[in-house]
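See below for protein.pdb, which holds PDB, C-alpha atoms.
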ATOM      1  CA  MET U 243       0.000   0.000   0.000
ATOM      2  CA  ASN U 244       2.969   2.323   0.366
ATOM      3  CA  GLU U 245       3.347   2.158  -3.422
ATOM      4  CA  VAL U 246      -0.385   2.503  -4.076
ATOM      5  CA  VAL U 247      -0.964   5.533  -1.844
ATOM      6  CA  GLY U 248       0.206   8.626  -3.669
ATOM      7  CA  ARG U 249       0.130   6.927  -7.065
ATOM      8  CA  ASP U 250      -3.423   5.644  -7.548
ATOM      9  CA  ASP U 251      -6.886   6.951  -6.815
ATOM     10  CA  LEU U 252      -8.707   5.096  -4.035
ATOM     11  CA  LEU U 253     -12.314   3.907  -3.749
ATOM     12  CA  LEU U 254     -14.006   2.498  -0.666
ATOM     13  CA  LEU U 255     -17.498   1.264  -1.536
ATOM     14  CA  THR U 256     -19.454  -0.098   1.406
ATOM     15  CA  LEU U 257     -22.545  -2.060   0.421
ATOM     16  CA  ASP U 258     -24.340  -1.239   3.636
ATOM     17  CA  THR U 259     -26.033  -4.234   5.342
ATOM     18  CA  LEU U 260     -25.092  -6.781   2.630
ATOM     19  CA  ARG U 261     -25.182 -10.371   3.874
ATOM     20  CA  HIS U 262     -22.267 -12.618   2.915
ATOM     21  CA  ASP U 263     -24.448 -15.593   2.004
ATOM     22  CA  VAL U 264     -26.640 -13.553  -0.348
ATOM     23  CA  ALA U 265     -23.607 -12.019  -2.053
ATOM     24  CA  VAL U 266     -22.029 -15.448  -2.570
ATOM     25  CA  GLU U 267     -25.211 -17.032  -3.889
ATOM     26  CA  LEU U 268     -25.855 -14.290  -6.419
ATOM     27  CA  ALA U 269     -22.265 -14.274  -7.643
ATOM     28  CA  ALA U 270     -22.314 -18.062  -8.124
ATOM     29  CA  ALA U 271     -25.613 -17.854 -10.001
ATOM     30  CA  GLY U 272     -24.280 -15.268 -12.449
ATOM     31  CA  ARG U 273     -26.626 -12.579 -11.154
ATOM     32  CA  LEU U 274     -23.862 -10.024 -10.435
ATOM     33  CA  PRO U 275     -22.069  -9.744 -13.780
ATOM     34  CA  ASN U 276     -20.627  -6.268 -13.256
ATOM     35  CA  LEU U 277     -19.263  -6.941  -9.793
ATOM     36  CA  THR U 278     -17.922 -10.421 -10.479
ATOM     37  CA  ALA U 279     -16.099  -9.129 -13.560
ATOM     38  CA  HIS U 280     -13.787  -7.337 -11.114
ATOM     39  CA  LEU U 281     -13.765  -9.631  -8.087
ATOM     40  CA  PRO U 282     -10.610 -11.791  -8.121
ATOM     41  CA  GLY U 283     -11.731 -15.212  -9.317
ATOM     42  CA  GLY U 284     -15.251 -13.841  -9.595
ATOM     43  CA  THR U 285     -15.869 -14.649  -5.928
ATOM     44  CA  TRP U 286     -16.270 -12.868  -2.615
ATOM     45  CA  GLU U 287     -13.938 -13.332   0.339
ATOM     46  CA  ARG U 288     -15.544 -14.248   3.663
ATOM     47  CA  ARG U 289     -14.595 -11.799   6.397
ATOM     48  CA  HIS U 290     -15.678 -10.685   9.856
ATOM     49  CA  ALA U 291     -17.038  -7.151  10.220
ATOM     50  CA  PRO U 292     -15.374  -4.783  12.721
ATOM     51  CA  GLY U 293     -18.824  -3.768  14.003
ATOM     52  CA  ASN U 294     -22.410  -5.002  13.911
ATOM     53  CA  PHE U 295     -24.039  -1.770  12.749
ATOM     54  CA  THR U 296     -23.121   1.105  10.442
ATOM     55  CA  TYR U 297     -21.697   3.666  12.855
ATOM     56  CA  ALA U 298     -19.457   1.293  14.791
ATOM     57  CA  SER U 299     -18.209  -0.499  11.700
ATOM     58  CA  HIS U 300     -17.344   2.651   9.774
ATOM     59  CA  GLN U 301     -15.594   4.245  12.738
ATOM     60  CA  ALA U 302     -13.381   1.157  12.814
ATOM     61  CA  MET U 303     -12.824   1.060   9.048
ATOM     62  CA  PHE U 304     -11.892   4.740   8.942
ATOM     63  CA  ALA U 305      -9.303   3.946  11.632
ATOM     64  CA  GLY U 306      -7.805   1.272   9.346
ATOM     65  CA  PHE U 307      -9.656  -1.759  10.699
ATOM     66  CA  LEU U 308     -11.253  -3.189   7.562
ATOM     67  CA  PRO U 309     -13.212  -6.461   7.790
ATOM     68  CA  THR U 310     -10.871  -9.230   8.972
ATOM     69  CA  PRO U 311     -10.354 -12.501   7.048
ATOM     70  CA  ALA U 312     -12.541 -15.195   8.621
ATOM     71  CA  ALA U 313      -9.630 -17.457   9.564
ATOM     72  CA  PRO U 314      -7.090 -17.504  12.411
ATOM     73  CA  GLY U 315      -4.627 -14.623  12.155
ATOM     74  CA  PRO U 316      -2.954 -12.328  12.725
ATOM     75  CA  HIS U 317      -3.775 -10.719   9.368
ATOM     76  CA  PRO U 318      -1.613  -7.782   8.202
ATOM     77  CA  ARG U 319      -3.719  -4.730   7.395
ATOM     78  CA  LEU U 320      -3.687  -2.456   4.353
ATOM     79  CA  PHE U 321      -3.880   0.688   6.510
ATOM     80  CA  ALA U 322      -2.998   1.339  10.134
ATOM     81  CA  ALA U 323      -2.511   4.237  12.512
ATOM     82  CA  ARG U 324       0.968   4.373  13.971
ATOM     83  CA  PHE U 325       0.957   2.911  17.460
ATOM     84  CA  ALA U 326       3.383   0.765  19.392
ATOM     85  CA  GLY U 327       2.740  -2.940  19.667
ATOM     86  CA  SER U 328       0.413  -3.347  16.691
ATOM     87  CA  GLU U 329       0.495  -7.002  15.619
ATOM     88  CA  THR U 330      -1.256  -6.371  12.300
ATOM     89  CA  THR U 331       0.981  -3.574  10.980
ATOM     90  CA  ALA U 332       3.449  -4.966   8.436
ATOM     91  CA  ASP U 333       6.022  -3.582   5.999
ATOM     92  CA  ARG U 334       3.346  -3.460   3.270
ATOM     93  CA  THR U 335       0.917  -1.529   5.479
ATOM     94  CA  PHE U 336       0.346   2.173   4.814
ATOM     95  CA  VAL U 337       0.889   3.744   8.232
ATOM     96  CA  PHE U 338      -0.606   7.158   8.995
ATOM     97  CA  ASP U 339       0.115   9.544  11.858
ATOM     98  CA  THR U 340      -3.319  11.151  12.024
ATOM     99  CA  PRO U 341      -6.274   9.841  14.092
ATOM    100  CA  ASP U 342      -7.980   8.311  11.049
ATOM    101  CA  LEU U 343      -7.275   7.082   7.534
ATOM    102  CA  VAL U 344      -9.268   9.874   5.884
ATOM    103  CA  SER U 345      -7.139  12.666   7.313
ATOM    104  CA  GLY U 346      -4.056  10.500   6.782
ATOM    105  CA  LEU U 347      -4.781  10.356   3.065
ATOM    106  CA  ALA U 348      -5.529  14.080   3.005
ATOM    107  CA  ALA U 349      -2.081  14.660   4.506
ATOM    108  CA  HIS U 350      -0.658  12.757   1.538
ATOM    109  CA  GLY U 351      -2.338  15.067  -0.933
ATOM    110  CA  TYR U 352      -5.632  13.259  -1.550
ATOM    111  CA  ARG U 353      -8.952  15.004  -2.034
ATOM    112  CA  THR U 354     -11.228  13.131   0.365
ATOM    113  CA  VAL U 355     -14.887  12.906  -0.630
ATOM    114  CA  CYS U 356     -17.818  11.182   1.096
ATOM    115  CA  ILE U 357     -21.050  10.314  -0.707
ATOM    116  CA  GLY U 358     -23.365   9.257   2.081
ATOM    117  CA  GLY U 359     -26.278   6.870   2.093
ATOM    118  CA  VAL U 360     -27.828   5.660   5.347
ATOM    119  CA  GLY U 361     -28.808   7.983   8.182
ATOM    120  CA  PHE U 362     -25.402   8.118   9.857
ATOM    121  CA  PHE U 363     -24.230  10.144   6.827
ATOM    122  CA  ASN U 364     -27.216  12.447   6.342
ATOM    123  CA  LYS U 365     -25.796  15.451   8.273
ATOM    124  CA  GLN U 366     -29.313  16.201   9.564
ATOM    125  CA  GLY U 367     -28.256  16.035  13.204
ATOM    126  CA  ALA U 368     -25.075  16.119  15.247
ATOM    127  CA  LEU U 369     -24.544  12.343  15.050
ATOM    128  CA  GLY U 370     -25.233  12.305  11.308
ATOM    129  CA  GLY U 371     -22.366  14.724  10.807
ATOM    130  CA  VAL U 372     -19.616  12.804  12.621
ATOM    131  CA  LEU U 373     -18.578  10.414   9.833
ATOM    132  CA  PRO U 374     -19.011  12.875   6.939
ATOM    133  CA  GLY U 375     -17.086  15.408   9.013
ATOM    134  CA  LEU U 376     -13.916  13.369   8.566
ATOM    135  CA  PHE U 377     -13.861  14.298   4.868
ATOM    136  CA  GLN U 378     -12.865  17.494   3.095
ATOM    137  CA  GLU U 379     -16.048  17.251   1.023
ATOM    138  CA  SER U 380     -19.257  15.373   1.771
ATOM    139  CA  HIS U 381     -22.559  14.912  -0.034
ATOM    140  CA  TRP U 382     -25.964  13.681   1.060
ATOM    141  CA  GLU U 383     -29.443  14.222  -0.341
ATOM    142  CA  PRO U 384     -32.744  12.446   0.331
ATOM    143  CA  GLU U 385     -32.312  10.789  -3.073
ATOM    144  CA  PHE U 386     -29.247   8.989  -1.660
ATOM    145  CA  GLY U 387     -31.079   7.603   1.361
ATOM    146  CA  VAL U 388     -32.709   4.320   2.288
ATOM    147  CA  ALA U 389     -36.213   5.382   1.245
ATOM    148  CA  SER U 390     -35.227   6.176  -2.340
ATOM    149  CA  PRO U 391     -35.782   3.398  -4.935
ATOM    150  CA  THR U 392     -33.126   5.068  -7.118
ATOM    151  CA  SER U 393     -30.563   5.780  -4.390
ATOM    152  CA  PHE U 394     -27.546   4.130  -5.974
ATOM    153  CA  GLU U 395     -28.119   5.705  -9.372
ATOM    154  CA  ALA U 396     -28.232   9.117  -7.707
ATOM    155  CA  GLN U 397     -25.089   8.401  -5.698
ATOM    156  CA  VAL U 398     -23.192   7.240  -8.770
ATOM    157  CA  ALA U 399     -24.258  10.345 -10.680
ATOM    158  CA  ARG U 400     -22.820  12.487  -7.886
ATOM    159  CA  ALA U 401     -19.590  10.466  -7.959
ATOM    160  CA  GLU U 402     -19.301  11.037 -11.705
ATOM    161  CA  LYS U 403     -19.711  14.775 -11.141
ATOM    162  CA  VAL U 404     -17.064  14.785  -8.385
ATOM    163  CA  VAL U 405     -14.542  13.024 -10.616
ATOM    164  CA  ALA U 406     -15.291  15.223 -13.627
ATOM    165  CA  GLU U 407     -14.690  18.412 -11.637
ATOM    166  CA  LEU U 408     -11.320  17.404 -10.180
ATOM    167  CA  PRO U 409      -8.072  18.666 -11.713
ATOM    168  CA  ALA U 410      -6.368  15.837 -13.601
ATOM    169  CA  GLU U 411      -3.363  15.779 -11.276
ATOM    170  CA  GLN U 412      -5.421  15.657  -8.065
ATOM    171  CA  ARG U 413      -5.487  12.239  -6.355
ATOM    172  CA  LEU U 414      -8.895  11.209  -5.038
ATOM    173  CA  PHE U 415     -10.111   9.096  -2.145
ATOM    174  CA  LEU U 416     -13.811   8.530  -2.728
ATOM    175  CA  PHE U 417     -15.958   6.831  -0.122
ATOM    176  CA  LEU U 418     -19.502   5.808  -1.079
ATOM    177  CA  ASN U 419     -21.956   4.237   1.340
ATOM    178  CA  ALA U 420     -24.585   2.448  -0.760
ATOM    179  CA  SER U 421     -27.911   2.518   1.071
ATOM    180  CA  ALA U 422     -30.022   0.394  -1.289
ATOM    181  CA  LEU U 423     -29.643  -2.888   0.626
ATOM    182  CA  HIS U 424     -30.701  -1.408   3.955
ATOM    183  CA  GLN U 425     -34.336  -1.656   4.931
ATOM    184  CA  PRO U 426     -36.684  -0.713   3.365
ATOM    185  CA  ASN U 427     -35.611  -2.626   0.252
ATOM    186  CA  TRP U 428     -38.876  -4.308  -0.812
ATOM    187  CA  PHE U 429     -39.313  -1.871  -3.716
ATOM    188  CA  HIS U 430     -36.341  -3.389  -5.557
ATOM    189  CA  LEU U 431     -38.277  -6.615  -6.199
ATOM    190  CA  PRO U 432     -40.814  -6.302  -9.009
ATOM    191  CA  GLY U 433     -44.315  -6.991  -7.715
ATOM    192  CA  ALA U 434     -43.416  -6.631  -4.049
ATOM    193  CA  THR U 435     -45.478  -4.335  -1.840
ATOM    194  CA  ARG U 436     -44.943  -2.379   1.339
ATOM    195  CA  GLU U 437     -47.309  -4.796   3.071
ATOM    196  CA  THR U 438     -45.207  -7.850   2.161
ATOM    197  CA  GLY U 439     -42.167  -5.992   3.453
ATOM    198  CA  ASP U 440     -38.457  -6.800   3.291
ATOM    199  CA  SER U 441     -37.018 -10.296   3.036
ATOM    200  CA  ARG U 442     -33.884 -12.113   2.010
ATOM    201  CA  VAL U 443     -35.337 -12.113  -1.532
ATOM    202  CA  THR U 444     -35.805  -8.346  -1.658
ATOM    203  CA  HIS U 445     -32.316  -7.967  -0.162
ATOM    204  CA  ALA U 446     -30.980  -9.967  -3.119
ATOM    205  CA  ALA U 447     -32.974  -7.846  -5.562
ATOM    206  CA  ALA U 448     -31.379  -4.722  -4.072
ATOM    207  CA  LEU U 449     -27.926  -6.185  -4.681
ATOM    208  CA  GLU U 450     -28.832  -6.884  -8.308
ATOM    209  CA  TYR U 451     -29.962  -3.256  -8.568
ATOM    210  CA  ILE U 452     -26.566  -2.086  -7.322
ATOM    211  CA  ASP U 453     -24.798  -4.386  -9.758
ATOM    212  CA  ALA U 454     -26.742  -2.872 -12.649
ATOM    213  CA  HIS U 455     -25.202   0.550 -11.968
ATOM    214  CA  VAL U 456     -21.835  -0.156 -10.345
ATOM    215  CA  GLY U 457     -20.075  -0.260 -13.716
ATOM    216  CA  ARG U 458     -20.605   3.483 -14.066
ATOM    217  CA  LEU U 459     -18.907   4.056 -10.709
ATOM    218  CA  PHE U 460     -15.964   1.869 -11.636
ATOM    219  CA  SER U 461     -15.621   3.603 -15.012
ATOM    220  CA  ALA U 462     -15.614   7.041 -13.405
ATOM    221  CA  MET U 463     -13.023   6.045 -10.817
ATOM    222  CA  SER U 464     -10.676   4.622 -13.449
ATOM    223  CA  SER U 465     -11.201   7.417 -15.981
ATOM    224  CA  ARG U 466      -8.121   9.407 -14.899
ATOM    225  CA  ARG U 467      -5.640   6.810 -13.637
ATOM    226  CA  ARG U 468      -5.543   3.392 -11.993
ATOM    227  CA  CYS U 469      -7.785   3.045  -8.959
ATOM    228  CA  PHE U 470      -7.400   0.749  -5.986
ATOM    229  CA  ALA U 471     -10.922  -0.309  -4.994
ATOM    230  CA  ILE U 472     -12.212  -1.885  -1.807
ATOM    231  CA  VAL U 473     -15.769  -3.234  -2.002
ATOM    232  CA  CYS U 474     -17.266  -4.716   1.143
ATOM    233  CA  SER U 475     -20.171  -4.803   3.527
ATOM    234  CA  ASP U 476     -20.018  -3.111   6.905
ATOM    235  CA  HIS U 477     -22.314  -5.704   8.516
ATOM    236  CA  GLY U 478     -25.076  -8.108   7.542
ATOM    237  CA  THR U 479     -28.658  -8.248   8.720
ATOM    238  CA  ALA U 480     -31.089 -10.915   9.918
ATOM    239  CA  TYR U 481     -34.376 -11.851   8.266
ATOM    240  CA  GLY U 482     -35.738 -14.186  10.911
ATOM    241  CA  ASP U 483     -32.496 -16.162  11.292
ATOM    242  CA  ASP U 484     -32.877 -18.098  14.557
ATOM    243  CA  GLY U 485     -35.641 -15.663  15.447
ATOM    244  CA  TYR U 486     -33.544 -12.532  14.932
ATOM    245  CA  THR U 487     -34.443  -9.567  12.745
ATOM    246  CA  GLY U 488     -32.210  -6.640  11.831
ATOM    247  CA  HIS U 489     -28.666  -5.926  13.030
ATOM    248  CA  ARG U 490     -26.771  -4.419  15.965
ATOM    249  CA  LEU U 491     -26.779  -7.932  17.351
ATOM    250  CA  GLY U 492     -24.314 -10.807  17.528
ATOM    251  CA  HIS U 493     -25.663 -13.339  15.012
ATOM    252  CA  ASP U 494     -23.291 -14.846  12.422
ATOM    253  CA  CYS U 495     -25.352 -13.426   9.555
ATOM    254  CA  VAL U 496     -24.552  -9.952  10.929
ATOM    255  CA  TRP U 497     -20.862 -10.473  11.710
ATOM    256  CA  THR U 498     -19.988 -12.284   8.452
ATOM    257  CA  VAL U 499     -19.545 -10.022   5.434
ATOM    258  CA  PRO U 500     -18.323 -10.170   1.829
ATOM    259  CA  TYR U 501     -15.108  -8.346   0.955
ATOM    260  CA  ARG U 502     -12.773  -7.842  -1.999
ATOM    261  CA  HIS U 503     -10.099  -5.413  -3.081
ATOM    262  CA  PHE U 504      -8.725  -5.046  -6.591
ATOM    263  CA  PHE U 505      -7.333  -2.584  -9.118
ATOM    264  CA  LEU U 506      -9.468  -0.814 -11.689
ATOM    265  CA  GLU U 507      -7.181  -0.270 -14.666
ATOM    266  CA  PRO U 508      -7.396   3.140 -16.340
ATOM    267  CA  THR U 509      -9.738   3.515 -19.285
ATOM    268  CA  VAL U 510      -7.717   6.326 -20.883
TER     269      VAL U 510
END

Is it possible to express this structure as structure tokens?
Amino acid sequence: MNEVVGRDDLLLLTLDTLRHDVAVELAAAGRLPNLTAHLPGGTWERRHAPGNFTYASHQAMFAGFLPTPAAPGPHPRLFAARFAGSETTADRTFVFDTPDLVSGLAAHGYRTVCIGGVGFFNKQGALGGVLPGLFQESHWEPEFGVASPTSFEAQVARAEKVVAELPAEQRLFLFLNASALHQPNWFHLPGATRETGDSRVTHAAALEYIDAHVGRLFSAMSSRRRCFAIVCSDHGTAYGDDGYTGHRLGHDCVWTVPYRHFFLEPTV
């Protein structure tokens, strides 16, 4: 990462609330053609989330604690704050001296941009401004939020505008929190109604919706130079699993998330 940082643009795309099992099933069934075209081997990696709901997980990720491989470690990290005794900081780790990765990248000349999705990024209250406040530039509109059936399209359009307006020499760290998978997501399944509500099936339909538009995001982020992309979930969610519903709880379907990182080669 010490070669990547300062050379490439960076993308962190969190597919908020995406379950690992749903992501794996859809990839294997050929229902995520645009994502699997970039995932190494066309498959997701199974990892453990650093938190069981959005705020906790993103606070950890912005401190360098990305989802951890679901196997005994220790596992060297891509990014880490400098502190004595860290067992997961290696020679290949990008080490920053600021309190968080976002400001660490800014100190290395990156333009840091947040395109929010779920409520913790909406800047409509003090708590909703904490995570976006880490960035030099942040964007949120109701069209980006969980209640919008076209949230990801709107977020991608904003990302395209951000990239287009940057000077060619300016390195970019773009963070996008995709809200489409979070409840309510029933409207992504044709024929579903508010009364039938959300389910594992509508969750899958929301992921297919994201896949239909993610190619535009990848194209924008690789339009100026190579981009190092991290695509992952921040936590899963339960749909009646062992009697549980939702997240911010300790069930395996919440702690286990899909993850991948890869390069997007430049299109110019």

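Comparing U:Ala399, U:Tyr501, U:Arg413, U:Ser421 by their smallest distance to Ala349 in chain U, the closest is U:Arg413 (using only C-alpha atoms).
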
Using 3 Å of padding on each side, determine the axis-aligned box around all atoms of range 376-382 of chain U present in the file and give its centre and edge lengths in Å to one decimal, as AutoDock Vina command-line options.
--center_x -19.4 --center_y 15.4 --center_z 4.3 --size_x 19.1 --size_y 10.1 --size_z 14.6

Next on the checklist: Here's a test: counting only C-alpha atoms, identify every protein, DNA and RNA residue with an atom at most 6 Å from (-14.8, 14.6, 1.6) in the file's coordinate frame, and state them as a PyMOL selection string.
Outcome noted: chain U and resi 354-356+377-380

Any chance you could export the current selection's C-alpha atoms as a PDB file, keeping the file's coordinate frame?
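The new file again37.pdb reads:
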ATOM      1  CA  THR U 354     -11.228  13.131   0.365  1.00  0.00           C
ATOM      2  CA  VAL U 355     -14.887  12.906  -0.630  1.00  0.00           C
ATOM      3  CA  CYS U 356     -17.818  11.182   1.096  1.00  0.00           C
ATOM      4  CA  PHE U 377     -13.861  14.298   4.868  1.00  0.00           C
ATOM      5  CA  GLN U 378     -12.865  17.494   3.095  1.00  0.00           C
ATOM      6  CA  GLU U 379     -16.048  17.251   1.023  1.00  0.00           C
ATOM      7  CA  SER U 380     -19.257  15.373   1.771  1.00  0.00           C
TER       8      SER U 380
END

Item to check | Nearest residue to Thr285 in chain U from the set U:His262, U:Gly306, U:Val443, U:His300 (distances using only C-alpha atoms) | outcome: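 Nearest to Thr285 in chain U: U:His262.
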
Next on the checklist: As a check of understanding, name the residues that the PyMOL selection byres ((chain U and resi 340-348) around 8) selects in the supplied structure, as a list in words.
Outcome noted: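 Evaluating the PyMOL selection byres ((chain U and resi 340-348) around 8) on this file yields Val247, Phe304, Ala305, Gly306, Phe321, Ala322, Ala323, Phe338, Asp339, Ala349, His350, Gly351, Tyr352, Arg353, Thr354, Leu376, Phe377 and Phe415 of chain U.
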
Print the selection's residues with C-alpha atoms to a file, as a compact mmCIF listing (two decimals), in the frame of the given file.
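This went into selection-v2.txt:
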# COMPACT_ATOMS: atom_id res chain seq x y z
CA VAL U 247 -0.96 5.53 -1.84
CA PHE U 304 -11.89 4.74 8.94
CA ALA U 305 -9.30 3.95 11.63
CA GLY U 306 -7.80 1.27 9.35
CA PHE U 321 -3.88 0.69 6.51
CA ALA U 322 -3.00 1.34 10.13
CA ALA U 323 -2.51 4.24 12.51
CA PHE U 338 -0.61 7.16 8.99
CA ASP U 339 0.12 9.54 11.86
CA ALA U 349 -2.08 14.66 4.51
CA HIS U 350 -0.66 12.76 1.54
CA GLY U 351 -2.34 15.07 -0.93
CA TYR U 352 -5.63 13.26 -1.55
CA ARG U 353 -8.95 15.00 -2.03
CA THR U 354 -11.23 13.13 0.36
CA LEU U 376 -13.92 13.37 8.57
CA PHE U 377 -13.86 14.30 4.87
CA PHE U 415 -10.11 9.10 -2.14

Item to check | Selected residue, from U:Phe394, U:Trp497, U:Phe363, U:Phe307, that lies nearest to Ser475 in chain U when counting only C-alpha atoms | outcome: U:Trp497

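Proximity of U:Cys474, U:Val360, U:Leu416, U:Ala448 to Pro432 in chain U, computed with all atoms listed in the file, is greatest for U:Ala448.
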
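With distances taken over all atoms listed in the file, U:Ile357 is the one residue among U:Ala368, U:Ile357, U:Met463, U:Leu268 lying closest to Ala420 in chain U.
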
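Among the candidates U:Thr479, U:Ala401, U:Ala291, U:Asn364, the residue lying nearest to Pro384 in chain U is U:Asn364 (atoms considered: all atoms listed in the file).
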
Checklist entry - Skipping near chain neighbours, those fewer than 5 positions away, what residues fall within 10 Å of Gly272 in chain U using only C-alpha atoms, listed as JSON, numbers by chain? => result {"U": [267, 278, 284]}

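The gap separating CA of His503 in chain U from CA of Leu320 in chain U is 10.3 Å, in Å to one decimal.
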
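Selection check: the PyMOL selection byres ((chain U and resi 466) around 10) on the shown file gives Asp250, Asp251, Val405, Ala406, Leu408, Pro409, Ala410, Glu411, Gln412, Arg413, Ser461, Ala462, Met463, Ser464, Ser465, Arg467, Arg468, Cys469, Glu507, Pro508, Thr509 and Val510 of chain U.
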
Item to check | Atomic distance CA of Glu385 in chain U - CA of Thr259 in chain U, expressed in Å with one decimal | outcome: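 It comes out at 18.3 Å.
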
Item to check | One-decimal distance in Å that lies between CA of Ala332 in chain U and CA of Glu245 in chain U | outcome: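 Distance between the two atoms: 13.8 Å.
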
Next on the checklist: List the spatial neighbours of Gly439 in chain U as a ChimeraX atom specification - criterion: any atom at most 8 Å away, all atoms listed in the file, same-chain residues fewer than 4 positions off excluded.
Outcome noted: /U:426,428,434-435

Expected file contents, prior selection, C-alpha atoms, as a PDB file, in the coordinates of the input:
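This went into again31.pdb:
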ATOM      1  CA  PRO U 426     -36.684  -0.713   3.365  1.00  0.00           C
ATOM      2  CA  TRP U 428     -38.876  -4.308  -0.812  1.00  0.00           C
ATOM      3  CA  ALA U 434     -43.416  -6.631  -4.049  1.00  0.00           C
ATOM      4  CA  THR U 435     -45.478  -4.335  -1.840  1.00  0.00           C
TER       5      THR U 435
END

Next on the checklist: For the PyMOL selection byres ((chain U and resi 269) around 12), applied here, can you spell out every residue it catches as a PyMOL selection string?
Outcome noted: chain U and resi 262-268+270-287+446+449-450+453+500
